[in-house]
Protein chains: 2
Amino acid sequence: MPLVVVGSVALDSVETPTQRRDNVLGGSAVFFSYTASFFTPVRLAGVVGDDWPAAHTEMLRSRNIDTTALHVIAGAKTFRWTGRYMDNMNDRETLDVQLNVMDRFDPELPEEYRRCKYLFLANGSPELQLNVLDQCSGASLVVADTMDLWIRSAREDLLKLLKRVDGLVLNDSEAKLLTEEENLVLAGKKTLALGPRFVVIKKGEHGGMFFSEHETYVLPAYPTPDVVDPTGAGDSFAGGMMGYLAEQGSFEPKTLKEAMAYGIVAASFTVEDFSLDRLKTIRREDLQKRMESYRKMLMF
Amino acid sequence: MPLVVVGSVALDSVETPTQRRDNVLGGSAVFFSYTASFFTPVRLAGVVGDDWPAAHTEMLRSRNIDTTALHVIAGAKTFRWTGRYMDNMNDRETLDVQLNVMDRFDPELPEEYRRCKYLFLANGSPELQLNVLDQCSGASLVVADTMDLWIRSAREDLLKLLKRVDGLVLNDSEAKLLTEEENLVLAGKKTLALGPRFVVIKKGEHGGMFFSEHETYVLPAYPTPDVVDPTGAGDSFAGGMMGYLAEQGSFEPKTLKEAMAYGIVAASFTVEDFSLDRLKTIRREDLQKRMESYRKMLMF
């Protein structure tokens with residue numbers, strides 16, 4: 001089943017302790033779409049400027065990603081993010097953000113998008129997320145991401161959103177900020193009490209935690225030794241998870257857990273090179289193979 | 001099979017964001033012994049002063065822990081540690097350390113101890129650990145712990161030790177310090193290359209990683225919402241792991257993985273109250289029950 005994602009499309013400049021890449025393809029909707037496209041057709045909504053290389057759009061289309069709602073604004077520039085990773089490759093600092101076209105991003109979804117049953121609201125203001133949600137009132141599975149900026153500056157809208165989504169995906173530090181609770185198990189449960197039917201707390205190199213009314217579980221990250229650039233890992237995680245759910249057409253507890261695992265496995269490939277470079281070298285079979293090794297790793 | 005542990009026996013004063021306990025039973029050999037005693041008889045070697053409450057010794061004995069080599073030094077004081085946990089309950093600062101009798105700890109093991117097949121060298125100077133190892137030359141499974149102090153100040157002896165032990169258990173920050181490698185997968189492999197047949201990296205609230213020639217895996221912590229005092233969690237982990245191995249009388253890969261899981265489950269009980277208070281309320285069946293829930297949590 002097709003899956004809609006609304007989020008950022010970016011040109012990133014990334015510095016790690018040993019390497020640097022400038023103006024590479026990035027953005028939450030891009031990492032999400034590419035990863036989800038291993039499982040299901042995707043419809044991407046976003047905005048770019050006229051500095052956006054058309055080749056990127058072509059590449060996305062070649063992956064069965066619908067870019068009808070990827071709008072190019074003439075005379076404006078694409079969203080740009082510049083960041084630097086610390087030696088531990090987990091902490092990072094943002095060196096520069098140029099919102100550019102993202103500042104005015106107010107998506108009007110085409111009819112085909114609105115009819116989709118699976119919707120991912122990638123990180124964006126809760127106001128924008130609510131606006132998109134209004135347009136997709138028939139969706140049967142809606143999952144949102146959020147970040148510290150919105151938790152601090154738009155808490156009221158965020159709380160409105162949480163009452164209307166099925167799932168929320170957020171980082172450990174964001175979950176602590178949202179709930180004012182340092183214990184992640186309690187933070188997850190408190191987040192759940194805010195409305196969503198399930199909550200996923202992403203812990204970066206330590207994997208992720210899942211919370212629903214009847215279940216709490218933790219899955220570790222897949223232990224790859226080749227961490228080159230963690231940018232996009234969280235969005236790849238969400239893309240793998242939602243892509244698998246859309247492919248399966250179900251969100252039973254069992255399917256949700258497999259989806260978590262696929263998200264974790266997909267993210268482990270993403271971090272193995274800059275931008276989409278590692279993901280571009282793999283096929284669905286490679287995800288499947290690592291998934292089996294991950295499943296085996298957790299059996300005893 | 002009986003299991004020997006040589007390590008610290010202490011009186012701890014612990015402050016958490018909400019509570020405080022003074023002069024409670026602690027020390028690596030104590031947490032290790034008590035946890036291992038769910039699985040197998042234990043022989044404890046350590047030293048205390050004449051301020052040591054005899055009731056503690058009685059309690060250990062009642063658990064089938066041999067205290068023949070727990071020496072009481074007249075006119076001297078027991079090792080004392082005072083620490084404070086931060087809001088995240090993972091980071092802590094040491095407020096005070098009084099080595100007291102530990103300063104002169106130089107164990108001469110009784111014959112019965114020397115014949116044991118299973119030996120755990122809890123955190124202590126590598127010189128002391130090597131001395132104990134010399135006394136137990138017939139042991140078939142020797143596992144050691146270490147800490148940043150020894151990595152910095154006694155690296156040469158530590159490297160000697162690593163060539164002679166079967167397993168090493170250490171924290172994530174210690175593994176990074178030892179190998180000068182920030183990626184934990186690589187740090188684990190580099191540690192393995194220093195000699196041990198297996199290495200366990202403890203990640204606190206994030207669980208642990210296992211490394212051997214043919215296997216690398218990560219297991220998450222059991223997600224308890226009741227984290228009251230993390231003191232002793234690492235030693236309880238080691239006690240659960242070694243206790244299970246000694247009980248099974250084998251260290252096949254399959255048994256080692258189950259042992260890792262038992263260590264993780266045991267540690268999740270330890271953190272649920274101060275000192276041994278939570279462990280004192282449970283029986284082997286409770287470990288078994290949580291183990292099954294942990295096993296199920298990781299199946300998909």
# chains A, B, ... in the order shown; residues from 1 in each chain; ligands from 1
$ interface_residues --of "chain A" --to "chain B" --cutoff "6 Å" --atoms "only C-alpha atoms" --output "ChimeraX atom specification"
/A:88,182,185-186,217,220,225,258,297-298,300
$ write_last_selection --atoms "N, CA, C and O atoms" --output "short mmCIF file (atom, residue, chain, number, x, y, z; two decimals), in the first residue's frame"
data_model
loop_
_atom_site.label_atom_id
_atom_site.label_comp_id
_atom_site.auth_asym_id
_atom_site.auth_seq_id
_atom_site.Cartn_x
_atom_site.Cartn_y
_atom_site.Cartn_z
N ASN A 88 32.66 10.52 19.31
CA ASN A 88 31.85 9.33 19.62
C ASN A 88 30.84 9.02 18.52
O ASN A 88 30.12 8.03 18.59
N GLU A 182 13.19 11.26 33.71
CA GLU A 182 14.51 10.82 33.28
C GLU A 182 14.57 9.33 32.96
O GLU A 182 15.37 8.89 32.15
N VAL A 185 11.75 4.26 30.55
CA VAL A 185 10.56 3.41 30.59
C VAL A 185 9.36 4.24 31.02
O VAL A 185 8.28 4.19 30.41
N LEU A 186 9.56 5.05 32.05
CA LEU A 186 8.47 5.91 32.53
C LEU A 186 8.17 7.01 31.52
O LEU A 186 7.01 7.36 31.29
N TYR A 217 8.94 -2.86 25.14
CA TYR A 217 10.15 -3.62 24.85
C TYR A 217 11.26 -2.74 24.31
O TYR A 217 11.04 -1.61 23.88
N PRO A 220 18.04 -3.59 20.70
CA PRO A 220 19.33 -2.89 20.55
C PRO A 220 19.56 -2.51 19.09
O PRO A 220 18.88 -3.03 18.20
N PRO A 225 30.26 -2.17 12.70
CA PRO A 225 31.53 -1.51 13.04
C PRO A 225 31.81 -0.31 12.13
O PRO A 225 32.72 0.46 12.40
N GLU A 258 8.17 -6.64 14.19
CA GLU A 258 9.01 -6.89 13.02
C GLU A 258 9.36 -5.58 12.33
O GLU A 258 10.49 -5.38 11.86
N MET A 297 20.77 -12.97 16.42
CA MET A 297 21.56 -12.34 17.49
C MET A 297 20.77 -12.24 18.79
O MET A 297 21.34 -12.33 19.89
N LEU A 298 19.44 -12.06 18.66
CA LEU A 298 18.61 -11.83 19.85
C LEU A 298 17.94 -13.10 20.36
O LEU A 298 17.12 -13.05 21.27
N PHE A 300 18.18 -16.76 22.24
CA PHE A 300 19.04 -17.55 23.13
C PHE A 300 18.18 -18.55 23.86
O PHE A 300 16.97 -18.48 23.85
#
$ select_by_dssp --residues "segment 73-279 of chain B" --states "strand (DSSP E)" --output "PyMOL selection string"
chain B and resi 73+79-85+92-98+118-121+141-145+167-171+198-202+208-212+216-219
$ atom_distance --atom1 "atom CA of Ser8 of chain A" --atom2 "atom CA of Asn123 of chain A"
7.6 Å
$ residues_around --residues "Leu11 of chain A" --least-positions-apart "2" --cutoff "8 Å" --atoms "only C-alpha atoms" --output "list in words"
Val9, Ser13, Asn23, Val24, Leu25, Gly26, Gly27, Thr78, Phe79, Arg80 and Trp81 of chain A
$ write_last_selection --atoms "C-alpha atoms" --output "short mmCIF file (atom, residue, chain, number, x, y, z; two decimals), in the first residue's frame"
data_model
loop_
_atom_site.label_atom_id
_atom_site.label_comp_id
_atom_site.auth_asym_id
_atom_site.auth_seq_id
_atom_site.Cartn_x
_atom_site.Cartn_y
_atom_site.Cartn_z
CA VAL A 9 14.17 17.81 1.74
CA SER A 13 27.08 19.49 4.68
CA ASN A 23 25.79 19.72 -0.30
CA VAL A 24 24.82 16.08 -0.25
CA LEU A 25 21.24 14.89 -0.49
CA GLY A 26 19.49 14.86 2.87
CA GLY A 27 16.35 15.76 4.78
CA THR A 78 16.67 24.60 -0.76
CA PHE A 79 16.83 24.01 3.00
CA ARG A 80 20.43 23.55 4.08
CA TRP A 81 21.88 21.97 7.20
#
$ select_by_dssp --residues "segment 116-204 of chain B" --states "helix (DSSP H, G or I)" --output "ChimeraX atom specification"
/B:126-135,148-153,155-162,172-179,184-192,204
$ atom_distance --atom1 "atom CA of Gly240 of chain B" --atom2 "atom CA of Tyr85 of chain B"
23.8 Å
$ residues_around --residues "segment 112-119 of chain A" --least-positions-apart "5" --cutoff "8 Å" --atoms "only C-alpha atoms" --output "JSON, numbers by chain"
{"A": [1, 2, 3, 4, 5, 43, 135, 136, 137, 138, 139, 140, 141, 142, 143, 242, 246]}
$ closest_residue --among "A:Lys77, A:Glu247, A:Arg21, A:Asn171" --to "Asp103 of chain A" --atoms "only C-alpha atoms"
A:Lys77
$ atom_distance --atom1 "atom CA of Glu285 of chain A" --atom2 "atom CA of Pro41 of chain A"
17.2 Å
$ residues_around --residues "Asp235 of chain B" --least-positions-apart "4" --cutoff "9 Å" --atoms "only C-alpha atoms" --output "PDB file with C-alpha atoms, in the first residue's frame"
ATOM      1  CA  GLY B  27      31.421  -3.991  47.325  1.00  0.00           C
ATOM      2  CA  SER B  28      32.048  -5.874  44.100  1.00  0.00           C
ATOM      3  CA  ALA B  29      32.566  -9.279  45.731  1.00  0.00           C
ATOM      4  CA  VAL B  30      29.368  -8.901  47.757  1.00  0.00           C
ATOM      5  CA  PHE B  31      27.089  -8.031  44.824  1.00  0.00           C
ATOM      6  CA  PHE B  32      28.789 -10.719  42.758  1.00  0.00           C
ATOM      7  CA  SER B  33      28.510 -13.422  45.436  1.00  0.00           C
ATOM      8  CA  THR B  35      23.778 -12.872  42.761  1.00  0.00           C
ATOM      9  CA  ALA B 122      36.458  -8.599  40.574  1.00  0.00           C
ATOM     10  CA  ASP B 145      36.788  -7.053  35.686  1.00  0.00           C
ATOM     11  CA  THR B 231      25.185   0.577  42.583  1.00  0.00           C
ATOM     12  CA  GLY B 239      27.583 -12.742  39.282  1.00  0.00           C
ATOM     13  CA  GLY B 240      24.525 -13.810  37.310  1.00  0.00           C
ATOM     14  CA  ALA B 267      21.196  -6.670  37.325  1.00  0.00           C
TER      15      ALA B 267
END
